[in-house]
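Listing of work09.txt, compact mmCIF, C-alpha atoms
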```
# COMPACT_ATOMS: atom_id res chain seq x y z
CA MET A 1 10.58 -20.88 33.37
CA TYR A 2 14.32 -21.46 32.91
CA ARG A 3 16.77 -21.68 35.81
CA CYS A 4 20.21 -20.37 34.95
CA ARG A 5 23.47 -19.74 36.76
CA GLY A 6 23.44 -17.94 40.06
CA GLY A 7 19.82 -18.80 40.79
CA VAL A 8 18.51 -16.56 38.02
CA LYS A 9 14.99 -17.54 36.91
CA LEU A 10 13.92 -16.41 33.44
CA ARG A 11 10.92 -16.56 31.20
CA VAL A 12 11.81 -16.76 27.53
CA VAL A 13 9.93 -15.66 24.41
CA ARG A 14 10.81 -18.48 22.00
CA ASP A 15 10.99 -16.77 18.62
CA ASP A 16 13.75 -19.27 17.89
CA LEU A 17 10.88 -21.75 17.49
CA TYR A 18 8.78 -19.47 15.28
CA PRO A 19 6.99 -21.75 12.77
CA PHE A 20 8.66 -20.75 9.52
CA VAL A 21 11.74 -22.40 8.00
CA GLY A 22 14.76 -21.50 10.14
CA GLY A 23 12.64 -19.67 12.73
CA GLY A 24 13.72 -16.57 14.61
CA SER A 25 12.60 -12.95 14.68
CA LYS A 26 13.30 -12.62 10.95
CA ALA A 27 10.82 -15.40 10.24
CA ARG A 28 8.21 -13.48 12.22
CA LYS A 29 8.99 -10.42 10.12
CA ALA A 30 8.86 -12.41 6.86
CA VAL A 31 5.31 -13.55 7.62
CA ALA A 32 4.31 -9.93 8.25
CA TYR A 33 5.92 -8.86 4.97
CA GLU A 34 4.10 -11.66 3.17
CA VAL A 35 0.74 -10.19 4.21
CA PHE A 36 1.86 -6.64 3.36
CA LEU A 37 3.22 -7.54 -0.08
CA ARG A 38 0.15 -9.54 -1.03
CA GLU A 39 -2.28 -6.84 0.12
CA ASN A 40 -0.40 -4.16 -1.83
CA GLY A 41 0.12 -6.07 -5.08
CA TYR A 42 3.90 -6.56 -4.97
CA ASN A 43 5.43 -9.60 -6.67
CA ALA A 44 9.15 -9.08 -6.05
CA ILE A 45 11.54 -7.78 -3.41
CA VAL A 46 15.07 -6.46 -3.19
CA THR A 47 16.85 -6.73 0.13
CA CYS A 48 20.31 -7.14 1.64
CA GLY A 49 22.36 -8.74 4.39
CA GLY A 50 25.54 -10.62 5.18
CA ILE A 51 26.57 -14.13 4.20
CA GLN A 52 24.72 -15.64 7.16
CA SER A 53 21.85 -13.16 7.24
CA ASN A 54 18.76 -14.63 8.90
CA HIS A 55 16.78 -11.84 7.29
CA ASN A 56 17.86 -12.78 3.76
CA ARG A 57 17.07 -16.44 4.37
CA ALA A 58 13.60 -15.75 5.75
CA MET A 59 12.69 -13.32 2.98
CA ALA A 60 14.03 -15.60 0.23
CA LEU A 61 12.00 -18.56 1.47
CA MET A 62 8.91 -16.39 1.89
CA CYS A 63 9.24 -15.33 -1.76
CA ALA A 64 9.77 -18.93 -2.87
CA LYS A 65 6.58 -19.94 -1.08
CA ASN A 66 4.60 -17.30 -3.00
CA GLY A 67 6.33 -17.58 -6.38
CA TRP A 68 7.70 -14.04 -6.08
CA LYS A 69 11.01 -12.80 -7.44
CA CYS A 70 13.69 -12.20 -4.81
CA HIS A 71 16.97 -10.36 -5.33
CA LEU A 72 19.45 -10.60 -2.46
CA CYS A 73 22.37 -8.18 -2.27
CA ILE A 74 24.75 -10.25 -0.17
CA GLN A 75 27.62 -8.47 1.54
CA GLY A 76 30.64 -10.75 1.35
CA SER A 77 32.82 -12.91 -0.84
CA GLU A 78 31.46 -15.41 -3.35
CA GLU A 79 33.89 -18.06 -2.10
CA ARG A 80 32.55 -17.89 1.43
CA PHE A 81 28.93 -17.71 0.28
CA MET A 82 29.25 -20.79 -1.92
CA ASN A 83 31.07 -22.84 0.71
CA GLU A 84 29.05 -22.14 3.86
CA LYS A 85 25.87 -23.92 4.93
CA GLY A 86 23.25 -22.52 7.31
CA ASN A 87 21.52 -19.45 5.94
CA ALA A 88 23.82 -19.27 2.92
CA LEU A 89 22.80 -22.76 1.83
CA LEU A 90 19.10 -21.94 2.19
CA ASP A 91 19.61 -18.74 0.18
CA ARG A 92 21.12 -20.80 -2.65
CA LEU A 93 18.33 -23.39 -2.50
CA SER A 94 15.55 -20.78 -2.41
CA GLY A 95 15.90 -19.78 -6.05
CA ALA A 96 16.64 -16.20 -5.10
CA GLU A 97 18.94 -14.15 -7.32
CA CYS A 98 22.06 -13.78 -5.16
CA GLU A 99 24.37 -10.87 -5.97
CA LEU A 100 27.63 -10.74 -4.01
CA ILE A 101 28.63 -7.16 -3.23
CA ARG A 102 30.86 -5.04 -1.00
CA LEU A 103 29.17 -3.54 2.05
CA GLU A 104 29.82 0.00 0.85
CA ASP A 105 28.09 -0.74 -2.47
CA THR A 106 24.80 -1.85 -0.90
CA ALA A 107 22.64 1.18 -1.73
CA VAL A 108 23.84 1.34 -5.35
CA ALA A 109 23.35 -2.40 -5.85
CA MET A 110 19.83 -2.36 -4.40
CA ASP A 111 18.78 0.63 -6.50
CA ARG A 112 20.18 -1.11 -9.58
CA ALA A 113 18.26 -4.30 -8.80
CA MET A 114 15.02 -2.37 -8.26
CA LYS A 115 15.42 -0.67 -11.64
CA LYS A 116 16.14 -3.98 -13.39
CA LEU A 117 13.11 -5.72 -11.89
CA LYS A 118 10.82 -2.86 -12.89
CA GLU A 119 12.16 -3.01 -16.44
CA GLU A 120 11.38 -6.74 -16.46
CA GLY A 121 7.76 -6.02 -15.58
CA TYR A 122 7.81 -6.78 -11.87
CA ASN A 123 6.36 -4.65 -9.10
CA PRO A 124 9.22 -4.85 -6.56
CA TYR A 125 9.33 -3.67 -2.95
CA TYR A 126 12.52 -2.31 -1.39
CA VAL A 127 13.03 -4.12 1.91
CA THR A 128 15.57 -2.31 4.07
CA GLY A 129 18.15 -4.70 5.54
CA GLY A 130 16.97 -6.48 8.66
CA GLY A 131 13.32 -5.71 7.91
CA HIS A 132 13.53 -2.06 8.86
CA ASN A 133 10.19 -1.13 7.27
CA LEU A 134 6.77 -0.76 8.87
CA PRO A 135 5.80 -4.48 8.67
CA GLY A 136 9.04 -5.37 10.45
CA GLY A 137 8.04 -3.25 13.44
CA THR A 138 4.28 -3.71 13.67
CA CYS A 139 4.66 -7.50 13.90
CA PHE A 140 6.54 -7.01 17.17
CA VAL A 141 3.89 -4.67 18.52
CA ASP A 142 1.47 -7.54 17.86
CA ALA A 143 3.89 -9.95 19.55
CA VAL A 144 3.92 -7.83 22.72
CA LEU A 145 0.12 -7.94 22.77
CA GLU A 146 0.38 -11.73 22.77
CA LEU A 147 3.10 -11.64 25.45
CA LYS A 148 0.91 -9.61 27.77
CA TYR A 149 -1.99 -12.00 27.23
CA GLN A 150 0.20 -14.98 28.09
CA CYS A 151 1.65 -13.24 31.15
CA GLU A 152 -1.73 -12.22 32.52
CA ARG A 153 -2.85 -15.85 32.40
CA ILE A 154 -0.20 -16.69 35.00
CA ASP A 155 -0.37 -13.38 36.90
CA TYR A 156 3.12 -12.35 35.81
CA LYS A 157 4.60 -9.04 34.73
CA PRO A 158 8.27 -8.52 33.80
CA ASP A 159 10.43 -5.85 35.34
CA TYR A 160 13.06 -6.19 32.60
CA LEU A 161 13.01 -7.47 29.05
CA PHE A 162 16.33 -8.21 27.33
CA LEU A 163 17.07 -9.03 23.68
CA ALA A 164 19.87 -9.07 21.13
CA SER A 165 19.54 -5.85 19.13
CA GLY A 166 20.79 -5.49 15.55
CA THR A 167 19.22 -3.15 13.02
CA GLY A 168 16.82 -1.97 15.71
CA SER A 169 13.35 -2.67 14.32
CA THR A 170 12.72 -5.54 16.73
CA GLN A 171 13.62 -3.49 19.79
CA ALA A 172 11.65 -0.51 18.49
CA GLY A 173 8.57 -2.65 17.93
CA ILE A 174 8.82 -4.11 21.40
CA VAL A 175 9.21 -0.78 23.24
CA VAL A 176 6.26 0.73 21.37
CA GLY A 177 4.25 -2.41 22.04
CA LEU A 178 5.04 -2.17 25.76
CA ASP A 179 3.69 1.38 25.84
CA LEU A 180 0.57 0.43 23.91
CA VAL A 181 -0.32 -2.39 26.33
CA GLY A 182 0.28 -0.21 29.40
CA TRP A 183 3.65 -1.71 30.28
CA GLY A 184 5.72 1.41 29.69
CA ASP A 185 7.46 0.87 33.02
CA VAL A 186 9.03 -2.40 31.83
CA LYS A 187 12.68 -1.69 31.06
CA CYS A 188 13.57 -3.05 27.61
CA VAL A 189 17.33 -3.49 27.17
CA GLY A 190 18.84 -4.21 23.77
CA ILE A 191 22.28 -5.83 23.78
CA SER A 192 24.02 -4.69 20.60
CA VAL A 193 25.34 -7.41 18.29
CA ALA A 194 27.14 -5.06 15.89
CA ARG A 195 26.49 -1.33 16.12
CA GLN A 196 28.16 1.23 18.31
CA GLN A 197 26.16 3.41 20.72
CA GLY A 198 25.59 6.52 18.58
CA ARG A 199 24.28 5.03 15.37
CA GLY A 200 22.69 2.02 17.07
CA LYS A 201 20.53 4.01 19.46
CA GLN A 202 19.68 6.63 16.84
CA VAL A 203 18.06 4.18 14.41
CA ILE A 204 16.01 2.58 17.19
CA VAL A 205 14.76 5.97 18.37
CA GLU A 206 13.84 7.02 14.82
CA PHE A 207 12.01 3.77 14.09
CA ALA A 208 10.22 3.75 17.44
CA ASN A 209 9.05 7.33 16.86
CA MET A 210 7.79 6.34 13.41
CA LEU A 211 5.90 3.37 14.84
CA ALA A 212 4.44 5.48 17.63
CA ALA A 213 3.12 7.96 15.06
CA HIS A 214 1.64 5.06 13.06
CA TYR A 215 -0.36 3.99 16.12
CA GLY A 216 -1.32 7.55 17.08
CA LEU A 217 0.89 7.43 20.15
CA LYS A 218 2.32 10.83 21.07
CA ARG A 219 5.72 9.70 22.31
CA ASP A 220 9.35 10.64 21.73
CA TYR A 221 11.79 7.83 22.52
CA SER A 222 14.96 9.93 22.37
CA GLU A 223 15.68 9.50 26.09
CA SER A 224 14.12 6.10 26.76
CA ILE A 225 15.96 3.59 24.57
CA PHE A 226 18.41 1.34 26.42
CA PHE A 227 21.05 0.10 23.98
CA ASN A 228 24.00 -1.66 25.60
CA THR A 229 27.24 -1.94 23.60
CA ASP A 230 29.43 -3.52 26.30
CA TYR A 231 29.39 -7.00 24.76
CA LEU A 232 30.29 -6.38 21.12
CA CYS A 233 33.58 -8.30 21.47
CA GLY A 234 35.00 -6.26 18.61
CA GLY A 235 32.04 -6.22 16.24
CA TYR A 236 29.62 -8.26 14.15
CA GLU A 237 30.14 -12.05 14.25
CA LYS A 238 32.93 -11.63 16.83
CA PHE A 239 32.95 -13.23 20.27
CA THR A 240 35.28 -14.31 23.05
CA PRO A 241 36.15 -17.86 24.13
CA GLU A 242 34.55 -17.06 27.49
CA MET A 243 31.26 -16.14 25.80
CA LYS A 244 31.27 -19.31 23.68
CA ASP A 245 32.00 -21.51 26.69
CA TYR A 246 29.27 -19.80 28.73
CA LEU A 247 26.68 -20.33 25.97
CA ASP A 248 27.67 -23.96 25.42
CA GLN A 249 27.26 -24.68 29.13
CA THR A 250 23.90 -22.88 29.14
CA THR A 251 22.69 -25.04 26.26
CA ALA A 252 23.74 -28.19 28.12
CA LYS A 253 21.83 -27.11 31.23
CA THR A 254 18.70 -25.55 29.72
CA GLY A 255 18.25 -26.89 26.18
CA LEU A 256 18.24 -23.33 24.84
CA VAL A 257 20.44 -22.97 21.75
CA PHE A 258 22.25 -19.72 20.97
CA SER A 259 24.41 -18.33 18.20
CA THR A 260 27.40 -16.19 19.14
CA THR A 261 26.39 -13.77 16.36
CA TYR A 262 22.94 -12.76 17.60
CA SER A 263 20.91 -14.30 20.42
CA GLY A 264 23.98 -15.55 22.27
CA LYS A 265 25.43 -12.07 22.59
CA GLY A 266 22.11 -10.89 23.93
CA PHE A 267 21.84 -13.71 26.45
CA TYR A 268 25.45 -13.46 27.61
CA GLY A 269 25.19 -9.68 27.97
CA MET A 270 21.93 -9.98 29.89
CA MET A 271 23.41 -12.47 32.36
CA GLN A 272 26.39 -10.19 32.99
CA GLU A 273 24.06 -7.24 33.57
CA ILE A 274 21.92 -9.27 35.98
CA GLU A 275 24.99 -10.09 38.03
CA LYS A 276 26.44 -6.58 37.78
CA TYR A 277 23.26 -4.83 38.95
CA HIS A 278 21.97 -7.58 41.28
CA LEU A 279 18.78 -8.21 39.33
CA LYS A 280 18.35 -11.94 39.95
CA ASP A 281 15.25 -11.40 42.11
CA LYS A 282 13.54 -9.32 39.43
CA ASN A 283 11.02 -10.67 36.91
CA ILE A 284 13.09 -10.97 33.75
CA VAL A 285 12.08 -11.97 30.21
CA PHE A 286 14.60 -12.82 27.53
CA TRP A 287 13.33 -12.47 23.97
CA HIS A 288 15.13 -15.25 22.11
CA THR A 289 15.43 -13.92 18.56
CA GLY A 290 16.76 -17.18 17.08
CA GLY A 291 19.96 -17.88 15.22
CA LEU A 292 19.91 -21.67 14.87
CA MET A 293 21.04 -21.41 11.26
CA ASN A 294 24.10 -19.40 12.38
CA ILE A 295 25.52 -22.33 14.33
CA MET A 296 25.02 -24.70 11.38
CA LYS A 297 27.20 -22.90 8.86
```
Please express what this file holds, its structure, as structure tokens.
Amino acid sequence: MYRCRGGVKLRVVRDDLYPFVGGGSKARKAVAYEVFLRENGYNAIVTCGGIQSNHNRAMALMCAKNGWKCHLCIQGSEERFMNEKGNALLDRLSGAECELIRLEDTAVAMDRAMKKLKEEGYNPYYVTGGGHNLPGGTCFVDAVLELKYQCERIDYKPDYLFLASGTGSTQAGIVVGLDLVGWGDVKCVGISVARQQGRGKQVIVEFANMLAAHYGLKRDYSESIFFNTDYLCGGYEKFTPEMKDYLDQTTAKTGLVFSTTYSGKGFYGMMQEIEKYHLKDKNIVFWHTGGLMNIMK
């Protein structure tokens, strides 16, 4: 239990402490991909992300662990990539093949890398950015099963569950997991870290529907995804001085560490929503998706 400003009491899912180098929700996904790739005979991947992509870092280190080939299509400048630490440094150390590209060239670059790896005799798997494939969603369904088990041990059930929401697979996995464990009445709110309402909600709905079908759940999530875009601060990796100050003070008082790129936006947005809608007496869970590497760049 964490006590925050205004008397708000929270329980926190600590994916920031997930036991894989760098931690976070992307580390959880990487472990799921590791099982999937091994079971299906893949020995290489192609994926993409920004300079400080937690996804790229987790996937690159997972491949290094297994001796698999990893090609990262990194959206950004070579100068920035070579000079920053955090995830960028771990990408460079991982032995992954790092190709610097423009964002708009992502699909072409990934297709080209897949073709090249096949010609070299590898059996590569195309990992959609952020882990937006089946393993990246099912691992969060499993995580909700564990959450319910832990909650039942202390006779606790959340009314609300908040998280930072990016590519959408994490939120989709959680909402499907909540339905599967009989917690469909728990309101899961994703605080957007980058995407606007239309596209952001659409991809979550599509992925949640795909996951539901995978589990034999007859459910359409078109009207039940809560995707809040009020705290974008102008877009990806952008934030306000007020947000940064709020998160720094929270760290000093709770020991929870946040990045302004991902988890911090989610936490800050959640706290504003709690105050706005007078939710402090509700049972609230914050799913801390990590981001430690983002504050060490």
Original post:
Could you pull the residues within 6 Å of Phe162 in chain A, counting all atoms listed in the file, minus those fewer than 5 positions along the same chain, as JSON, numbers by chain?
Top reply: {"A": [188, 189, 190, 286]}
Subject >> Residue among A:Lys85, A:Arg199, A:His55, A:Arg14 lying closest to Leu72 in chain A, counting only C-alpha atoms >> reply: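 Among A:Lys85, A:Arg199, A:His55, A:Arg14, it is A:His55 that comes nearest to Leu72 in chain A.
When all atoms listed in the file are used to compute distances to Met296 in chain A, the closest of the residues A:Ser169, A:Ser25, A:Thr47, A:Asn87 turns out to be A:Asn87.
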Subject >> Among listed residues A:Tyr215, A:Trp287, A:Tyr221, A:Phe81, nearest Val203 in chain A (using all atoms listed in the file) >> reply: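 When distances to Val203 in chain A are compared using all atoms listed in the file, the smallest one comes from A:Tyr221.
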Original post:
With only C-alpha atoms as the atoms that count, which of A:Gly235, A:Gly184, A:Gly255, A:Pro241 lies nearest to Arg219 in chain A?
Top reply: A:Gly184
Original post:
Quick one: residues within 9 Å of Asn209 in chain A, all atoms listed in the file counted, chain neighbours fewer than 5 positions away excluded, as a PyMOL selection string?
Top reply: chain A and resi 172+176+204+214+217-222
Original post:
What's the 10 Å shell around Tyr236 in chain A, counting all atoms listed in the file, without same-chain residues fewer than 6 positions away, as number ranges by chain?
Top reply: A: 166, 192-195, 260-262
Convert the current residue selection to file output with C-alpha atoms, as a short mmCIF file (atom, residue, chain, number, x, y, z; two decimals), keeping the file's coordinate frame.
```
data_model
loop_
_atom_site.label_atom_id
_atom_site.label_comp_id
_atom_site.auth_asym_id
_atom_site.auth_seq_id
_atom_site.Cartn_x
_atom_site.Cartn_y
_atom_site.Cartn_z
CA GLY A 166 20.79 -5.49 15.55
CA SER A 192 24.02 -4.69 20.60
CA VAL A 193 25.34 -7.41 18.29
CA ALA A 194 27.14 -5.06 15.89
CA ARG A 195 26.49 -1.33 16.12
CA THR A 260 27.40 -16.19 19.14
CA THR A 261 26.39 -13.77 16.36
CA TYR A 262 22.94 -12.76 17.60
#
```
**OP:** Choose the residue, out of A:Glu34, A:Asp248, A:Glu97, A:Glu237, that has the smallest atom-to-atom separation from Val46 in chain A; count only C-alpha atoms.
**Re:**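 Closest to Val46 in chain A of all the choices is A:Glu97.
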**OP:** Could you tell me how far CA of Lys201 in chain A lies from CA of Ile74 in chain A, in Å and to one decimal?
**Re:**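 Between CA of Lys201 in chain A and CA of Ile74 in chain A the gap works out to 24.6 Å.
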**OP:** Give the answer as one residue: which of A:Ile284, A:Gln197, A:Val181, A:Asn56 has the shortest atom-to-atom distance to Glu146 in chain A, using only C-alpha atoms?
**Re:**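 Using only C-alpha atoms, Glu146 in chain A sits closest to A:Val181.
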Can you write out as CSV which residues of range 129-180 of chain A fall within 12 Å of range 288-293 of chain A, alongside each residue's closest atom pair and its distance in Å to one decimal, counting only C-alpha atoms and ordering rows by chain and ascending residue number?
```
residue,atom,partner,partner_atom,distance
A:Phe140,CA,A:Thr289,CA,11.3
A:Leu161,CA,A:His288,CA,10.6
A:Phe162,CA,A:His288,CA,8.8
A:Leu163,CA,A:His288,CA,6.7
A:Ala164,CA,A:Thr289,CA,7.1
A:Ser165,CA,A:Thr289,CA,9.1
A:Gly166,CA,A:Thr289,CA,10.4
A:Thr170,CA,A:Thr289,CA,9.0
A:Gln171,CA,A:Thr289,CA,10.7
```
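Separating CA of Thr138 in chain A from CA of Asp15 in chain A is a distance of 15.5 Å.
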Axis-aligned box over every listed atom of range 177-187 of chain A, padded by 4 Å per side: centre and edges in Å to one decimal, as lines of an AutoDock Vina configuration file?
```
center_x = 6.2
center_y = -0.5
center_z = 27.5
size_x = 21.0
size_y = 11.8
size_z = 19.0
```
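One distance worth recording is that between CA of Gly22 in chain A and CA of Trp68 in chain A, which is 19.2 Å.
Taking only C-alpha atoms, the non-local environment of Ile295 in chain A within 8 Å (same-chain residues fewer than 4 positions away omitted) comprises Gly86, Phe258, Ser259 and Gly291 of chain A.
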**OP:** Counting all atoms listed in the file, find the residues whose atoms lie at most 9 Å from (1.4, -4.7, -6.7) (file coordinates) and write them out as a VMD selection string.
**Re:** chain A and resid 37 to 44 122 to 125
Original post:
Using all atoms listed in the file, can you list as a VMD selection string the residues within 12 Å of (9.2, -7.8, 38.3)?
Top reply: chain A and resid 9 to 11 151 155 to 161 183 185 to 187 279 to 285
